[in-house]
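Notes for the one structure printed next.
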Amino acid sequence: MAIDIEKAIRMSVETGKVEFGTRSTKHLIMNGKAKLVLLAGNCPKALKEETIEFCKNSKIPYKELPYPSIELGSITGKPFPVLMFSVIDAGDSEILKITKESEAKKEDKHDETQ
C-alpha cells in the first residue's frame with residue numbers, strides 16, 4: 001500500500017523533528033543524525049549530487065520529491081521555499097517508509113528484468 005507523501009511530510013513536521021535548509025542538512029548528514037533527507041524536485045544539479053554523495057557515504061536514505069521548493073515549503077507549512085530538509089525523528093509519521101517503498105519497487109523491477 002502506497003503512503004501519501006504529502007500527508008507523511010506534514011505529519012513529520014508537526015509531530016517529529018525536522019531541520020530545514022542546505023547547511024543544517026549537510027551538517028546532520030555528516031554527523032549521522034539524519035534518518036532521511038528529502039530534496040525538492042528543482043534542487044540545483046550540483047547541490048543535489050553533492051548531497052546525495054554525502055548521503056551515500058553516510059548510509060543515510062534520501063528521496064528526491066516531485067515537488068518544486070515553493071510547493072514543498074507550502075506542504076511543510078513554511079512561508080518560504082524549502083529546497084531540502086532532514087528528518088531526525090519521524091514522530092507519528094510514516095515518512096521513513098518512503099525509502100523502503102522505493103527499495104521494494106527497485107527490487108520488483110530488478111526481478112522483472114531477470
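Convention: chains lettered A, B, ... in C-alpha cells order; per-chain residue numbering from 1; ligands numbered from 1 as shown.
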
Contacts of Leu36 of chain A at 9 Å (only C-alpha atoms; same-chain gap of 5+ positions) as a PDB file with C-alpha atoms, in the first residue's frame:
ATOM      1  CA  ILE A  29      24.241  14.006   7.319  1.00  0.00           C
ATOM      2  CA  CYS A  55      24.033  10.579   1.999  1.00  0.00           C
ATOM      3  CA  ILE A  60      21.531   7.833   5.065  1.00  0.00           C
ATOM      4  CA  PRO A  61      18.490   7.313   2.838  1.00  0.00           C
ATOM      5  CA  TYR A  62      17.395  10.164   0.605  1.00  0.00           C
ATOM      6  CA  LYS A  63      14.499  10.845  -1.702  1.00  0.00           C
ATOM      7  CA  PHE A  85      15.193  19.043   4.764  1.00  0.00           C
ATOM      8  CA  SER A  86      16.298  16.293   7.112  1.00  0.00           C
ATOM      9  CA  VAL A  87      14.078  14.070   9.205  1.00  0.00           C
ATOM     10  CA  ILE A  88      15.688  13.497  12.593  1.00  0.00           C
ATOM     11  CA  ILE A  95       7.795   9.209   6.277  1.00  0.00           C
ATOM     12  CA  LEU A  96      10.621   6.706   6.788  1.00  0.00           C
ATOM     13  CA  THR A  99      12.622   4.794   1.184  1.00  0.00           C
TER      14      THR A  99
END

Q.
With DSSP run on the backbone, what are the alpha helix (DSSP H) residues within chain A? I'd like them as a PyMOL selection string.
A. chain A and resi 5-15+22-30+45-58+69-75+97-113

**Q.** Pick from A:Ala40, A:Val13, A:Ile5, A:Met30, whichever lies nearest to Leu83 of chain A using only C-alpha atoms
**A.** A:Ala40

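Considering the residues A:Glu53, A:Glu19, A:Asp4, A:Glu64 and counting only C-alpha atoms, Gly41 of chain A has its shortest atom-to-atom contact with A:Glu64.
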
Q | Non-local contacts of Ile3 of chain A (9 Å; only C-alpha atoms; under 2 positions in same chain excluded) as number ranges by chain | A | A: 1, 5-8, 94-95, 97-98, 101

Please save N, CA and C atoms of the selected residues as a short mmCIF file (atom, residue, chain, number, x, y, z; two decimals), in the first residue's frame.
data_model
loop_
_atom_site.label_atom_id
_atom_site.label_comp_id
_atom_site.auth_asym_id
_atom_site.auth_seq_id
_atom_site.Cartn_x
_atom_site.Cartn_y
_atom_site.Cartn_z
N MET A 1 0.84 -1.19 0.00
CA MET A 1 0.00 0.00 0.00
C MET A 1 0.88 1.24 0.00
N ILE A 5 2.60 10.80 0.43
CA ILE A 5 3.85 11.50 0.74
C ILE A 5 3.58 12.86 1.39
N GLU A 6 2.63 13.61 0.84
CA GLU A 6 2.34 14.94 1.39
C GLU A 6 1.87 14.84 2.84
N LYS A 7 1.00 13.90 3.11
CA LYS A 7 0.49 13.72 4.48
C LYS A 7 1.63 13.31 5.41
N ALA A 8 2.50 12.41 4.94
CA ALA A 8 3.63 11.95 5.75
C ALA A 8 4.59 13.10 6.05
N GLU A 94 4.69 8.29 8.79
CA GLU A 94 5.21 7.10 8.12
C GLU A 94 6.27 7.49 7.09
N ILE A 95 6.86 8.65 7.26
CA ILE A 95 7.79 9.21 6.28
C ILE A 95 8.97 8.29 5.99
N LYS A 97 9.02 5.21 5.71
CA LYS A 97 8.62 4.11 4.83
C LYS A 97 8.79 4.47 3.36
N ILE A 98 8.96 5.76 3.06
CA ILE A 98 9.14 6.20 1.67
C ILE A 98 10.33 5.48 1.04
N GLU A 101 9.67 1.77 0.52
CA GLU A 101 8.77 1.59 -0.62
C GLU A 101 9.55 1.72 -1.93
#

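Closest approach to Thr51 of chain A from the set A:Leu28, A:Ser74, A:Pro81, A:Ser69 is made by A:Leu28, with distances taken over only C-alpha atoms.
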
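Proximity to Ile9 of chain A was assessed for A:Ala46, A:Leu39, A:Phe80, A:Lys59 counting only C-alpha atoms; the smallest distance is recorded for A:Leu39.
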
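Atom CA of Arg10 of chain A lies 10.3 Å from atom CA of Asp92 of chain A.
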
Q) So which bits of chain A end up strand (DSSP E or B) when you DSSP the backbone, as a ChimeraX atom specification? A) /A:17-20,36-39,62-64,84-89

Q: Could you check how far atom CA of Gly16 of chain A sits from atom CA of Lys45 of chain A, in Å to one decimal?
A: 28.6 Å

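Each of A:Leu72, A:Leu47, A:Val18, A:Met84 was compared to Ala34 of chain A using only C-alpha atoms, and A:Val18 turns out to be the nearest.
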